[in-house]
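See below for the structure under consideration.
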Amino acid sequence: MTMAYPFTAVESKWQSIWKERRSNATPDDFSKPKFYALDMFPYPSGDGLHVGHPEGYTATDIVARFKKMQGYNVLHPMGFDAFGLPTERYSMTHNIHPAEATAKNVANFKRQLNMLGFAYDWEREINTTEPAYYKWTQWMFLLIYNSWYDDATEKARPIDELPIPQHLSEPKEIEAYRDSQRLAFISHIPVNWCEQLGTVLANEEVDEWKEKGYTVERRPMRQWMLRITKYAERLLKDLDSVQWPNSTKEMQKHWIGKSEGAEAKFQLLGSDESIWVFTTRPDTMFGATYLVIAPEHSLADRITTDEYREAVANYKAQAALKSDLDRTDLATEKTGVFTGGYALNPATGAKIPVWIADYVLAHYGFGAIMAVPAHDERDHEFAKRFGLPISQTVLPENGTVWDCEETPFTDDGTSINSSNSEISLDGLSTAEAKRKMTEWLENKGIGARKIQYRLRDWLFSRQRYWGEPIPIMYYEDGSRRALDSDELPLLLPDVSDFKPAGTGESPLANVEKWVNFIDKKTGRRARYETNTMPQWAGSCWYYLRYCDPHNENEFCTAEKERYWLGKNGVDLYIGGAEHAVLHLLYARFWHKVLFDYGYVTSAEPFARVFHQGLILAEDGRKMSKSFKNVVNPDEVTAKYGADALRVFEMFMGPLEASKPWSTNGVEGISRFLNRVWRLVADEGGVLSDLLQNAEMTSEQEYAAHSTIKKVAEDIDLLSFNTAISAMMIFTNELTAAEIRPRAAIEILVKLIAPFAPHLAEELWSILGNSTSVFEEKFPICDVSKLTRKTVEIVLQVNSKIRSKAIVHADISREDLEKTGLSDESVLKFLDGLTVRKIIVVPGKLVNYIAN
RNA sequence: GCCCGGAUGGCGGAAUCGGCAGACGCACAGGACUUAAAAUCCUGUGAGGCGUAAACCUCGUGUGGGUUCAAGUCCCACUCCGGGCACCA
């Protein structure tokens, strides 16, 4: 029997050696160039790792080990994002404390991660639920809370530096003004309330929980918000400076949703009130035949005449019952009611009706629009339904007739029917008309150019136990005090019941001993904020904590931050595409606040982001417990070894692609690793006789150095599948050789080390070395070995391949042209034809064009 | 509906700048070794044609057009699949 690679023994052997030697500990050695390779840290669920996890982790591990062999000081840490609903719910059903469940799950995750041989520096492990960690999450919340955004300097500044308007003199007024400017603030807004979960959900979380069968309704509640909208422009602009997947940048851009247009004031008839609208098409104002305001608009009731009061009240009540999802369902027909009120179109001077409809969203712009049914799909649909007038003010550019009664014309064109005694847009292009109309509005003081963003402020509070407490207290008079730094962390109380309070408050509201207390600093009776932070909070800054994980005085010392993050931030950040918008956007926002205060040196946290693709089940469907098609990495590792799992996951296809699992494929990789093993070792793990201190043949040198080039380039590109294929080709070549030169084998072992670290270490040891292969330099390609004396070229007649020839690499153009003319096959196809042209691509082909 | 990807043998995929399509792996078939099997090694493997064979020829990268001496690669139109957004004025 041929000796198979004894992976079980080898893998556990090297894992304990690495641990013993602290091989993966990262020194803060600032003399070396640094490389920061980061994984999106996992949520430690009770299910443990599935085969999707190791995909991204293996990729960063390969890059980290490769960079280390290239002489970089590599930071490659791991931690756990452990606060959140799943654990809290698990705790309730299993009657175990979330901290206990977390500890258990973390231990299992760590076992599995170590089983796979990832070179994590566990001395830097972090866990978002540990007080020593969340102390700084709270600290950052307070930094945000104690800040306002200075539009002049475009950065966050301490709230103490906020200029107070002269007319405010009462301390209470001043405090209220400050509160209105803070980057963390309290708002009473309609939120997504889930009764069964007893908490609000972020808009983006709603679908996830609805899919699981929970119901979610809209309910106005008191919530903490973060003013991320102040950073909209910077979050948009700085996307240009990072190396991220195009789709992710596009998604973030769309999420931020910048629109340029104008705001304009419409005077209400018989009132001194007016309605402001935002429009991206000020050029169509002459075609605005009615206004629509959202049901929640503050003027809704005042506009409404007695005759319509009942209908409006009914409509508003109906709209309030609908969820955001129902309201934004495109399939349903538009609804609305007339208020009885009228406004003046400032362009035409006409009296136009004001309607209420829920297709206008309260939270965007002013919650009101000027409706131009001739040039907007939605307004057209609404106008048709309710018989409102349609007035065309734009013609297609090519002058074709367009029936706006039938179909709205929404493209750019040429303005018509757009003039009054003061202004005429007629004949102007849409771009010119927009500019001129906006100018006119500005001059009349009834409008201005305006940039509007779709991005909304971040709903930051959750009514649950298992999250960071918000470090704010309230006194009996309703006033509030934020904790000082020396009072952090505000610890979660240790309780045994995590059920919601039943009042819409978090379980913390029921913890009498914790929630009510005497404030030591003031001696006053106080009550803590009972909301906790959302799961996103801890992940907003964890990449910073890895740089200085045990610092009790700062979240990260400046010196270490400067070294590890540098000018560009994390060098490589790999994780799932499901975090393309929220996590990456929220983390960027926090980073920018820290940047404004000089706590970090880079404007962006992650220089390069990459998303690994989904690993599907062997049947091509998503892996899911309900399909019973989930592949467990423990089983694969037991059967084929961790190295085989690692290499297979990298060999399956491009890292970013979704691809199905294949058990046969793992076997193939297992065979490949065995072939590599047998190149070096005979039965019993002794050095093979075929391995000798011989010179490499020039063919072997060529193979070795072209493989080095390919593997090194491909690791930088994260094209691991082709790097592995290159190593397979090199392995096959060496297997076929009578004599295997030691130098060639050593190159192969070093090349494969980042991919299959256990195998490489063992082979390196069998080769007679007592040190780790990871202390070796990664092989360097000697390009002189890549030049060949002869090359094979293709001979074509009329662009079809008719023959091939081997020629000297430095052959002259003239001689190349002649080459084919002595080739039998080429002559056969040229027979009876006259050569009109010869195309020569040096080193590649000669093409005879003849007729 | 809009935005972003993608489509290549029986399967996963390769082809980095427009220059030999199908590297590498899987699967399959034949052979060697073996009493036999497993393991391993060797050979073959896009489709079709002609042939005893070697060789040779034709077709072929989702569909239809185009540019070019030359197209998987560039351009135009379309089909299907995946991801995201979705009344954002």
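Starting from 1 in every chain, residues are counted up; chains themselves are A, B, ... following the order of the structure tokens, and ligands are numbered from 1 as listed.
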List the neighbours of A89 (chain B) out to 10 Å using only C-alpha atoms (C1' of nucleotides); skip same-chain residues closer than 5 positions along the sequence, and give me the result as JSON, numbers by chain. {"A": [259, 261, 277, 278, 279, 280, 281, 360, 361, 364, 365, 367, 368, 369, 370, 371, 372, 376, 378, 379]}
Please save N, CA and C atoms of the selected residues as a CSV table (one decimal), in the first residue's frame.
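Saved result, result_11.csv, follows:
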```csv
chain,number,residue,atom,x,y,z
A,259,SER,N,-29.4,63.6,-4.8
A,259,SER,CA,-30.2,64.2,-5.9
A,259,SER,C,-30.0,65.7,-5.9
A,261,GLY,N,-31.3,69.3,-7.1
A,261,GLY,CA,-32.5,70.0,-7.7
A,261,GLY,C,-32.8,71.3,-7.0
A,277,VAL,N,-41.5,72.4,-1.3
A,277,VAL,CA,-41.3,71.1,-2.0
A,277,VAL,C,-39.9,71.0,-2.4
A,278,PHE,N,-39.5,69.7,-2.6
A,278,PHE,CA,-38.2,69.5,-3.3
A,278,PHE,C,-38.5,68.9,-4.7
A,279,THR,N,-37.8,69.4,-5.7
A,279,THR,CA,-37.9,68.8,-7.0
A,279,THR,C,-36.6,68.7,-7.7
A,280,THR,N,-36.4,67.6,-8.5
A,280,THR,CA,-35.2,67.5,-9.3
A,280,THR,C,-35.5,68.2,-10.7
A,281,ARG,N,-36.7,68.5,-10.9
A,281,ARG,CA,-37.1,69.1,-12.2
A,281,ARG,C,-37.7,70.5,-12.1
A,360,VAL,N,-46.5,59.9,-1.5
A,360,VAL,CA,-45.5,60.9,-1.1
A,360,VAL,C,-45.0,60.5,0.4
A,361,LEU,N,-43.7,60.4,0.5
A,361,LEU,CA,-43.1,59.9,1.7
A,361,LEU,C,-42.8,61.1,2.6
A,364,TYR,N,-38.9,62.1,3.3
A,364,TYR,CA,-38.0,62.5,2.2
A,364,TYR,C,-38.3,64.0,1.8
A,365,GLY,N,-37.3,64.8,1.6
A,365,GLY,CA,-37.5,66.1,1.2
A,365,GLY,C,-38.3,66.9,2.3
A,367,GLY,N,-41.6,66.2,2.5
A,367,GLY,CA,-42.8,65.4,2.7
A,367,GLY,C,-43.9,66.0,1.8
A,368,ALA,N,-43.5,66.7,0.8
A,368,ALA,CA,-44.5,67.3,-0.1
A,368,ALA,C,-43.9,67.5,-1.5
A,369,ILE,N,-44.7,67.4,-2.5
A,369,ILE,CA,-44.2,67.5,-3.9
A,369,ILE,C,-45.1,68.4,-4.7
A,370,MET,N,-44.5,69.0,-5.7
A,370,MET,CA,-45.3,69.6,-6.8
A,370,MET,C,-45.5,68.5,-7.8
A,371,ALA,N,-46.7,68.3,-8.2
A,371,ALA,CA,-47.0,67.2,-9.1
A,371,ALA,C,-47.0,67.7,-10.5
A,372,VAL,N,-46.2,67.0,-11.4
A,372,VAL,CA,-46.1,67.4,-12.8
A,372,VAL,C,-46.5,66.2,-13.6
A,376,ASP,N,-43.8,63.0,-15.1
A,376,ASP,CA,-43.5,62.1,-14.0
A,376,ASP,C,-44.4,61.0,-14.0
A,378,ARG,N,-45.3,58.8,-11.7
A,378,ARG,CA,-46.2,58.6,-10.5
A,378,ARG,C,-47.3,59.6,-10.5
A,379,ASP,N,-46.9,60.9,-10.8
A,379,ASP,CA,-47.9,62.0,-10.9
A,379,ASP,C,-48.9,61.7,-12.0
```
Using only C-alpha atoms (C1' of nucleotides), determine which residues of chain B fall within 7 Å of chain A; present them as JSON, numbers by chain. {"B": [4, 12, 13, 19, 20, 24, 25, 26, 39, 40, 69, 70, 84, 87, 88, 89]}
Would you write out those residues with N, CA, C and O atoms (P, O5', C5', C4', C3', O3' and C1' of nucleotides), as a tab-separated table (two decimals), in the first residue's frame?
```tsv
chain	number	residue	atom	x	y	z
B	4	C	P	-25.17	49.93	-14.37
B	4	C	O5'	-24.60	48.79	-13.42
B	4	C	C5'	-23.73	49.11	-12.34
B	4	C	C4'	-23.45	47.86	-11.53
B	4	C	C3'	-22.90	46.69	-12.32
B	4	C	O3'	-21.52	46.84	-12.61
B	4	C	C1'	-24.59	45.92	-10.88
B	12	G	P	-20.92	23.53	-14.10
B	12	G	O5'	-19.66	23.64	-13.13
B	12	G	C5'	-19.86	23.57	-11.72
B	12	G	C4'	-18.54	23.77	-11.03
B	12	G	C3'	-17.75	24.99	-11.47
B	12	G	O3'	-18.25	26.18	-10.90
B	12	G	C1'	-16.31	23.14	-11.34
B	13	G	P	-18.07	27.55	-11.64
B	13	G	O5'	-16.49	27.73	-11.55
B	13	G	C5'	-15.76	28.48	-12.50
B	13	G	C4'	-14.38	27.90	-12.58
B	13	G	C3'	-13.47	28.57	-13.59
B	13	G	O3'	-12.70	29.57	-12.92
B	13	G	C1'	-13.58	26.27	-14.06
B	19	G	P	-5.33	38.27	-27.15
B	19	G	O5'	-4.85	37.22	-28.24
B	19	G	C5'	-5.81	36.49	-28.98
B	19	G	C4'	-5.09	35.56	-29.93
B	19	G	C3'	-3.80	35.00	-29.35
B	19	G	O3'	-3.65	33.69	-29.85
B	19	G	C1'	-3.32	36.25	-31.30
B	20	C	P	-4.29	32.44	-29.07
B	20	C	O5'	-3.78	31.28	-30.03
B	20	C	C5'	-4.38	31.10	-31.32
B	20	C	C4'	-4.50	29.63	-31.57
B	20	C	C3'	-5.35	28.89	-30.53
B	20	C	O3'	-6.03	27.83	-31.20
B	20	C	C1'	-3.19	27.97	-30.57
B	24	C	P	-3.50	20.40	-17.99
B	24	C	O5'	-3.99	20.72	-16.51
B	24	C	C5'	-3.12	21.28	-15.54
B	24	C	C4'	-3.89	21.62	-14.29
B	24	C	C3'	-4.82	20.53	-13.77
B	24	C	O3'	-4.12	19.56	-13.01
B	24	C	C1'	-6.01	22.55	-13.83
B	25	G	P	-4.56	18.04	-13.06
B	25	G	O5'	-5.96	18.09	-12.30
B	25	G	C5'	-6.00	18.31	-10.89
B	25	G	C4'	-7.40	18.53	-10.44
B	25	G	C3'	-8.39	17.41	-10.69
B	25	G	O3'	-8.25	16.34	-9.78
B	25	G	C1'	-9.40	19.47	-11.24
B	26	C	P	-8.69	14.89	-10.21
B	26	C	O5'	-10.27	15.00	-10.28
B	26	C	C5'	-11.02	15.22	-9.09
B	26	C	C4'	-12.47	15.42	-9.45
B	26	C	C3'	-13.16	14.24	-10.10
B	26	C	O3'	-13.53	13.27	-9.13
B	26	C	C1'	-13.75	16.22	-11.24
B	39	A	P	-9.58	3.92	-4.98
B	39	A	O5'	-8.06	4.12	-4.53
B	39	A	C5'	-7.76	4.72	-3.27
B	39	A	C4'	-6.29	4.58	-2.99
B	39	A	C3'	-5.36	5.13	-4.07
B	39	A	O3'	-5.19	6.53	-3.97
B	39	A	C1'	-4.65	2.97	-3.46
B	40	U	P	-5.08	7.39	-5.30
B	40	U	O5'	-3.69	6.92	-5.93
B	40	U	C5'	-2.47	7.18	-5.25
B	40	U	C4'	-1.35	6.44	-5.93
B	40	U	C3'	-1.16	6.77	-7.40
B	40	U	O3'	-0.42	7.97	-7.57
B	40	U	C1'	-1.13	4.43	-7.12
B	69	C	P	-8.64	44.30	-41.61
B	69	C	O5'	-8.29	42.75	-41.47
B	69	C	C5'	-8.26	41.94	-42.63
B	69	C	C4'	-7.65	40.61	-42.29
B	69	C	C3'	-8.24	39.94	-41.05
B	69	C	O3'	-9.43	39.25	-41.36
B	69	C	C1'	-5.88	39.87	-40.94
B	70	A	P	-10.64	39.31	-40.37
B	70	A	O5'	-10.05	38.60	-39.07
B	70	A	C5'	-9.81	37.19	-39.08
B	70	A	C4'	-9.17	36.77	-37.79
B	70	A	C3'	-9.95	37.13	-36.54
B	70	A	O3'	-10.94	36.15	-36.29
B	70	A	C1'	-7.68	37.70	-36.25
B	84	G	P	-29.96	40.14	-2.57
B	84	G	O5'	-29.81	41.68	-2.93
B	84	G	C5'	-28.80	42.46	-2.29
B	84	G	C4'	-28.71	43.80	-2.96
B	84	G	C3'	-29.94	44.68	-2.85
B	84	G	O3'	-30.05	45.30	-1.58
B	84	G	C1'	-29.15	44.75	-5.06
B	87	C	P	-40.71	52.28	-3.09
B	87	C	O5'	-40.95	53.70	-3.75
B	87	C	C5'	-40.45	53.92	-5.07
B	87	C	C4'	-41.31	54.94	-5.76
B	87	C	C3'	-41.32	56.28	-5.05
B	87	C	O3'	-41.18	57.30	-6.01
B	87	C	C1'	-43.52	55.51	-5.44
B	88	C	P	-39.66	57.50	-6.60
B	88	C	O5'	-38.90	58.19	-5.40
B	88	C	C5'	-39.17	59.54	-5.07
B	88	C	C4'	-38.01	60.11	-4.29
B	88	C	C3'	-36.64	59.78	-4.87
B	88	C	O3'	-35.81	60.89	-4.68
B	88	C	C1'	-36.79	58.91	-2.68
B	89	A	P	-35.09	61.51	-5.88
B	89	A	O5'	-36.19	62.62	-6.30
B	89	A	C5'	-36.49	63.01	-7.14
B	89	A	C4'	-37.88	63.62	-7.42
B	89	A	C3'	-38.13	65.01	-6.82
B	89	A	O3'	-38.55	65.88	-7.89
B	89	A	C1'	-40.01	63.59	-6.51
```
Just the alpha helix (DSSP H) stuff from region 511-709 of chain A, please, per backbone DSSP, written as a PDB file with C-alpha atoms, in the first residue's frame.
```pdb
ATOM      1  CA  GLU A 512     -35.311  47.561  39.588  1.00  0.00           C
ATOM      2  CA  LYS A 513     -31.936  47.481  41.346  1.00  0.00           C
ATOM      3  CA  TRP A 514     -30.096  48.522  38.228  1.00  0.00           C
ATOM      4  CA  VAL A 515     -32.422  50.990  36.637  1.00  0.00           C
ATOM      5  CA  TRP A 536     -23.944  47.061  14.470  1.00  0.00           C
ATOM      6  CA  ALA A 537     -22.344  49.155  17.215  1.00  0.00           C
ATOM      7  CA  GLY A 538     -19.620  46.765  18.323  1.00  0.00           C
ATOM      8  CA  SER A 539     -18.562  46.037  14.758  1.00  0.00           C
ATOM      9  CA  TYR A 542     -13.400  46.460  16.273  1.00  0.00           C
ATOM     10  CA  TYR A 543     -10.676  46.681  13.633  1.00  0.00           C
ATOM     11  CA  LEU A 544      -9.160  49.485  15.718  1.00  0.00           C
ATOM     12  CA  ARG A 545      -9.215  47.522  18.955  1.00  0.00           C
ATOM     13  CA  ALA A 558      -2.206  56.725  18.691  1.00  0.00           C
ATOM     14  CA  GLU A 559       1.183  55.234  17.918  1.00  0.00           C
ATOM     15  CA  LYS A 560      -0.256  51.780  17.240  1.00  0.00           C
ATOM     16  CA  GLU A 561      -3.170  53.183  15.278  1.00  0.00           C
ATOM     17  CA  ARG A 562      -0.770  55.146  13.078  1.00  0.00           C
ATOM     18  CA  TYR A 563       1.338  52.072  12.416  1.00  0.00           C
ATOM     19  CA  TRP A 564      -1.351  49.454  11.807  1.00  0.00           C
ATOM     20  CA  LEU A 582     -24.917  48.639   6.421  1.00  0.00           C
ATOM     21  CA  HIS A 583     -21.920  47.393   8.369  1.00  0.00           C
ATOM     22  CA  LEU A 584     -19.476  48.984   5.949  1.00  0.00           C
ATOM     23  CA  LEU A 585     -21.403  52.260   5.923  1.00  0.00           C
ATOM     24  CA  TYR A 586     -21.843  52.441   9.693  1.00  0.00           C
ATOM     25  CA  ALA A 587     -18.176  51.620  10.299  1.00  0.00           C
ATOM     26  CA  ARG A 588     -17.129  54.289   7.813  1.00  0.00           C
ATOM     27  CA  PHE A 589     -19.335  56.798   9.629  1.00  0.00           C
ATOM     28  CA  TRP A 590     -17.821  56.082  13.068  1.00  0.00           C
ATOM     29  CA  HIS A 591     -14.378  56.142  11.549  1.00  0.00           C
ATOM     30  CA  LYS A 592     -15.006  59.587  10.109  1.00  0.00           C
ATOM     31  CA  VAL A 593     -16.159  60.937  13.477  1.00  0.00           C
ATOM     32  CA  LEU A 594     -12.959  59.570  15.023  1.00  0.00           C
ATOM     33  CA  PHE A 595     -11.035  61.071  12.112  1.00  0.00           C
ATOM     34  CA  ASP A 596     -12.539  64.509  12.771  1.00  0.00           C
ATOM     35  CA  PRO A 633     -16.314  21.369   8.224  1.00  0.00           C
ATOM     36  CA  ASP A 634     -15.639  19.089  11.194  1.00  0.00           C
ATOM     37  CA  GLU A 635     -16.586  16.057   9.115  1.00  0.00           C
ATOM     38  CA  VAL A 636     -14.655  17.158   6.045  1.00  0.00           C
ATOM     39  CA  THR A 637     -11.584  17.830   8.166  1.00  0.00           C
ATOM     40  CA  ALA A 638     -11.829  14.462   9.862  1.00  0.00           C
ATOM     41  CA  LYS A 639     -12.004  12.685   6.514  1.00  0.00           C
ATOM     42  CA  TYR A 640      -9.621  14.686   4.320  1.00  0.00           C
ATOM     43  CA  ALA A 642      -7.820  20.783   7.172  1.00  0.00           C
ATOM     44  CA  ASP A 643      -5.300  21.462   4.401  1.00  0.00           C
ATOM     45  CA  ALA A 644      -7.480  19.644   1.876  1.00  0.00           C
ATOM     46  CA  LEU A 645     -10.515  21.654   2.965  1.00  0.00           C
ATOM     47  CA  ARG A 646      -8.568  24.909   2.723  1.00  0.00           C
ATOM     48  CA  VAL A 647      -7.036  24.166  -0.665  1.00  0.00           C
ATOM     49  CA  PHE A 648     -10.282  22.803  -2.076  1.00  0.00           C
ATOM     50  CA  GLU A 649     -12.285  25.866  -1.067  1.00  0.00           C
ATOM     51  CA  MET A 650      -9.707  28.045  -2.798  1.00  0.00           C
ATOM     52  CA  PHE A 651      -9.610  25.799  -5.875  1.00  0.00           C
ATOM     53  CA  THR A 663     -17.157  15.978  -2.340  1.00  0.00           C
ATOM     54  CA  ASN A 664     -15.380  14.527  -5.378  1.00  0.00           C
ATOM     55  CA  GLY A 665     -13.543  17.803  -5.676  1.00  0.00           C
ATOM     56  CA  VAL A 666     -12.194  17.535  -2.137  1.00  0.00           C
ATOM     57  CA  GLU A 667     -10.998  14.044  -2.976  1.00  0.00           C
ATOM     58  CA  GLY A 668      -9.166  15.417  -5.991  1.00  0.00           C
ATOM     59  CA  ILE A 669      -7.417  17.983  -3.811  1.00  0.00           C
ATOM     60  CA  SER A 670      -6.616  15.308  -1.288  1.00  0.00           C
ATOM     61  CA  ARG A 671      -4.930  13.329  -4.101  1.00  0.00           C
ATOM     62  CA  PHE A 672      -2.953  16.438  -5.094  1.00  0.00           C
ATOM     63  CA  LEU A 673      -1.701  16.977  -1.535  1.00  0.00           C
ATOM     64  CA  ASN A 674      -0.729  13.306  -1.407  1.00  0.00           C
ATOM     65  CA  ARG A 675       1.274  13.700  -4.618  1.00  0.00           C
ATOM     66  CA  VAL A 676       3.101  16.652  -3.083  1.00  0.00           C
ATOM     67  CA  TRP A 677       3.746  14.551   0.011  1.00  0.00           C
ATOM     68  CA  ARG A 678       5.156  11.666  -2.005  1.00  0.00           C
ATOM     69  CA  LEU A 679       7.504  14.001  -3.890  1.00  0.00           C
ATOM     70  CA  VAL A 680       9.317  14.421  -0.601  1.00  0.00           C
ATOM     71  CA  SER A 698      16.716  24.352 -17.555  1.00  0.00           C
ATOM     72  CA  GLU A 699      13.201  23.026 -18.101  1.00  0.00           C
ATOM     73  CA  GLN A 700      12.769  22.583 -14.357  1.00  0.00           C
ATOM     74  CA  GLU A 701      14.176  26.033 -13.689  1.00  0.00           C
ATOM     75  CA  TYR A 702      11.745  27.479 -16.162  1.00  0.00           C
ATOM     76  CA  ALA A 703       8.880  25.585 -14.534  1.00  0.00           C
ATOM     77  CA  ALA A 704       9.943  26.562 -11.028  1.00  0.00           C
ATOM     78  CA  HIS A 705      10.277  30.256 -11.733  1.00  0.00           C
ATOM     79  CA  SER A 706       7.187  30.591 -13.845  1.00  0.00           C
ATOM     80  CA  THR A 707       5.280  28.890 -11.006  1.00  0.00           C
ATOM     81  CA  ILE A 708       6.759  31.318  -8.468  1.00  0.00           C
ATOM     82  CA  LYS A 709       5.688  34.231 -10.641  1.00  0.00           C
TER      83      LYS A 709
END
```
Nearby residues (only C-alpha atoms (C1' of nucleotides)) at most 12 Å from Lys104 (chain A), same-chain spacing under 6 positions excluded, as an mmCIF file with N, CA, C and O atoms, in the first residue's frame:
```
data_model
loop_
_atom_site.group_PDB
_atom_site.id
_atom_site.type_symbol
_atom_site.label_atom_id
_atom_site.label_comp_id
_atom_site.auth_asym_id
_atom_site.auth_seq_id
_atom_site.Cartn_x
_atom_site.Cartn_y
_atom_site.Cartn_z
ATOM 1 N N PRO A 44 -20.985 34.298 16.967
ATOM 2 C CA PRO A 44 -20.792 32.925 17.448
ATOM 3 C C PRO A 44 -22.120 32.238 17.754
ATOM 4 O O PRO A 44 -22.576 32.244 18.879
ATOM 5 N N SER A 45 -22.720 31.677 16.725
ATOM 6 C CA SER A 45 -24.000 30.999 16.908
ATOM 7 C C SER A 45 -23.771 29.597 17.465
ATOM 8 O O SER A 45 -22.648 29.101 17.467
ATOM 9 N N GLY A 46 -24.837 28.984 17.889
ATOM 10 C CA GLY A 46 -24.743 27.654 18.473
ATOM 11 C C GLY A 46 -24.453 26.575 17.444
ATOM 12 O O GLY A 46 -24.074 25.460 17.794
ATOM 13 N N ASP A 47 -24.625 26.916 16.151
ATOM 14 C CA ASP A 47 -24.444 25.902 15.114
ATOM 15 C C ASP A 47 -22.976 25.670 14.762
ATOM 16 O O ASP A 47 -22.657 24.714 14.072
ATOM 17 N N GLY A 48 -22.106 26.555 15.190
ATOM 18 C CA GLY A 48 -20.697 26.422 14.829
ATOM 19 C C GLY A 48 -20.470 26.876 13.395
ATOM 20 O O GLY A 48 -21.365 27.404 12.743
ATOM 21 N N ALA A 82 -20.645 39.359 19.445
ATOM 22 C CA ALA A 82 -21.488 38.409 20.179
ATOM 23 C C ALA A 82 -22.762 38.981 20.783
ATOM 24 O O ALA A 82 -23.610 38.223 21.252
ATOM 25 N N THR A 87 -28.678 35.294 20.243
ATOM 26 C CA THR A 87 -28.230 34.727 21.508
ATOM 27 C C THR A 87 -29.258 34.981 22.612
ATOM 28 O O THR A 87 -29.535 34.113 23.449
ATOM 29 N N ILE A 96 -30.599 29.743 29.668
ATOM 30 C CA ILE A 96 -29.171 29.859 29.954
ATOM 31 C C ILE A 96 -28.827 31.335 29.785
ATOM 32 O O ILE A 96 -29.436 32.025 28.971
ATOM 33 N N HIS A 97 -27.903 31.840 30.563
ATOM 34 C CA HIS A 97 -27.548 33.251 30.463
ATOM 35 C C HIS A 97 -26.834 33.506 29.130
ATOM 36 O O HIS A 97 -26.007 32.712 28.716
ATOM 37 N N PRO A 98 -27.152 34.625 28.450
ATOM 38 C CA PRO A 98 -26.512 34.893 27.158
ATOM 39 C C PRO A 98 -24.984 34.895 27.241
ATOM 40 O O PRO A 98 -24.321 34.464 26.298
ATOM 41 N N LYS A 110 -13.680 28.764 18.277
ATOM 42 C CA LYS A 110 -12.210 28.820 18.349
ATOM 43 C C LYS A 110 -11.602 27.450 18.074
ATOM 44 O O LYS A 110 -10.590 27.332 17.389
ATOM 45 N N ARG A 111 -12.246 26.425 18.607
ATOM 46 C CA ARG A 111 -11.761 25.064 18.346
ATOM 47 C C ARG A 111 -11.745 24.815 16.840
ATOM 48 O O ARG A 111 -10.761 24.327 16.279
#
```
Leaving out U61 (chain B) and any residue of its chain fewer than 5 positions from it, which residues lie within 8 Å of it when counting only C-alpha atoms (C1' of nucleotides), given as number ranges by chain? B: 8, 21, 72
Could you go through region 410-501 of chain A and tell me which residues DSSP, when run on the backbone, assigns to strand (DSSP E), listing them as number ranges by chain? A: 413-415, 447-453, 458-459, 472-475, 480-482
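Near Glu406 (chain A), within 12 Å and counting only C-alpha atoms (C1' of nucleotides), sit A:Pro373, A:Ala374, A:His375, A:Glu377, A:His380, A:Glu381, A:Ala383, A:Lys384, A:Ile390, A:Ser391, A:Gln392, not including residues fewer than 6 positions from it in the same chain.
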I need the residues from that last selection saved to file as a PDB file, in the first residue's frame (with C-alpha atoms), if you can.
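Now in part_21.pdb:
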```pdb
ATOM      1  CA  PRO A 373     -48.180  64.654 -14.359  1.00  0.00           C
ATOM      2  CA  ALA A 374     -46.944  65.371 -17.866  1.00  0.00           C
ATOM      3  CA  HIS A 375     -43.372  64.558 -16.919  1.00  0.00           C
ATOM      4  CA  GLU A 377     -44.683  58.550 -14.006  1.00  0.00           C
ATOM      5  CA  HIS A 380     -49.259  60.872 -14.216  1.00  0.00           C
ATOM      6  CA  GLU A 381     -50.756  57.714 -12.754  1.00  0.00           C
ATOM      7  CA  ALA A 383     -53.625  62.445 -12.163  1.00  0.00           C
ATOM      8  CA  LYS A 384     -55.256  59.906 -14.457  1.00  0.00           C
ATOM      9  CA  ILE A 390     -52.031  67.348 -17.272  1.00  0.00           C
ATOM     10  CA  SER A 391     -50.035  70.171 -18.792  1.00  0.00           C
ATOM     11  CA  GLN A 392     -47.065  69.517 -21.068  1.00  0.00           C
TER      12      GLN A 392
END
```
In Å, how far is it from CA of Val570 (chain A) to CA of Phe606 (chain A)?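 Taking CA of Val570 (chain A) and CA of Phe606 (chain A), their separation equals 4.7 Å.
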Do you know which residues are at most 9 Å from region 385-389 of chain A counting only C-alpha atoms (C1' of nucleotides), after dropping those on the same chain fewer than 6 positions away, and could you put them as a ChimeraX atom specification? /A:289-290,333-336,373
Pick out the residues sitting within 6 Å of region 23-36 of chain A, and hand them over as a list in words; count only C-alpha atoms (C1' of nucleotides), and ignore anything fewer than 6 positions along from it in its own chain.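 After dropping sequence-adjacent residues, the list is Tyr72, Asn73, Val74, Leu75, Ala119, Asp121, Val570 and Asp571 of chain A.
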Between CA of Gly447 (chain A) and CA of Arg302 (chain A), distance in Å (one decimal):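 Result for CA of Gly447 (chain A) versus CA of Arg302 (chain A): 22.5 Å, one decimal.
Atom pair CA of Ile275 (chain A) / CA of Thr393 (chain A) has a distance of 22.4 Å (rounded to one decimal).
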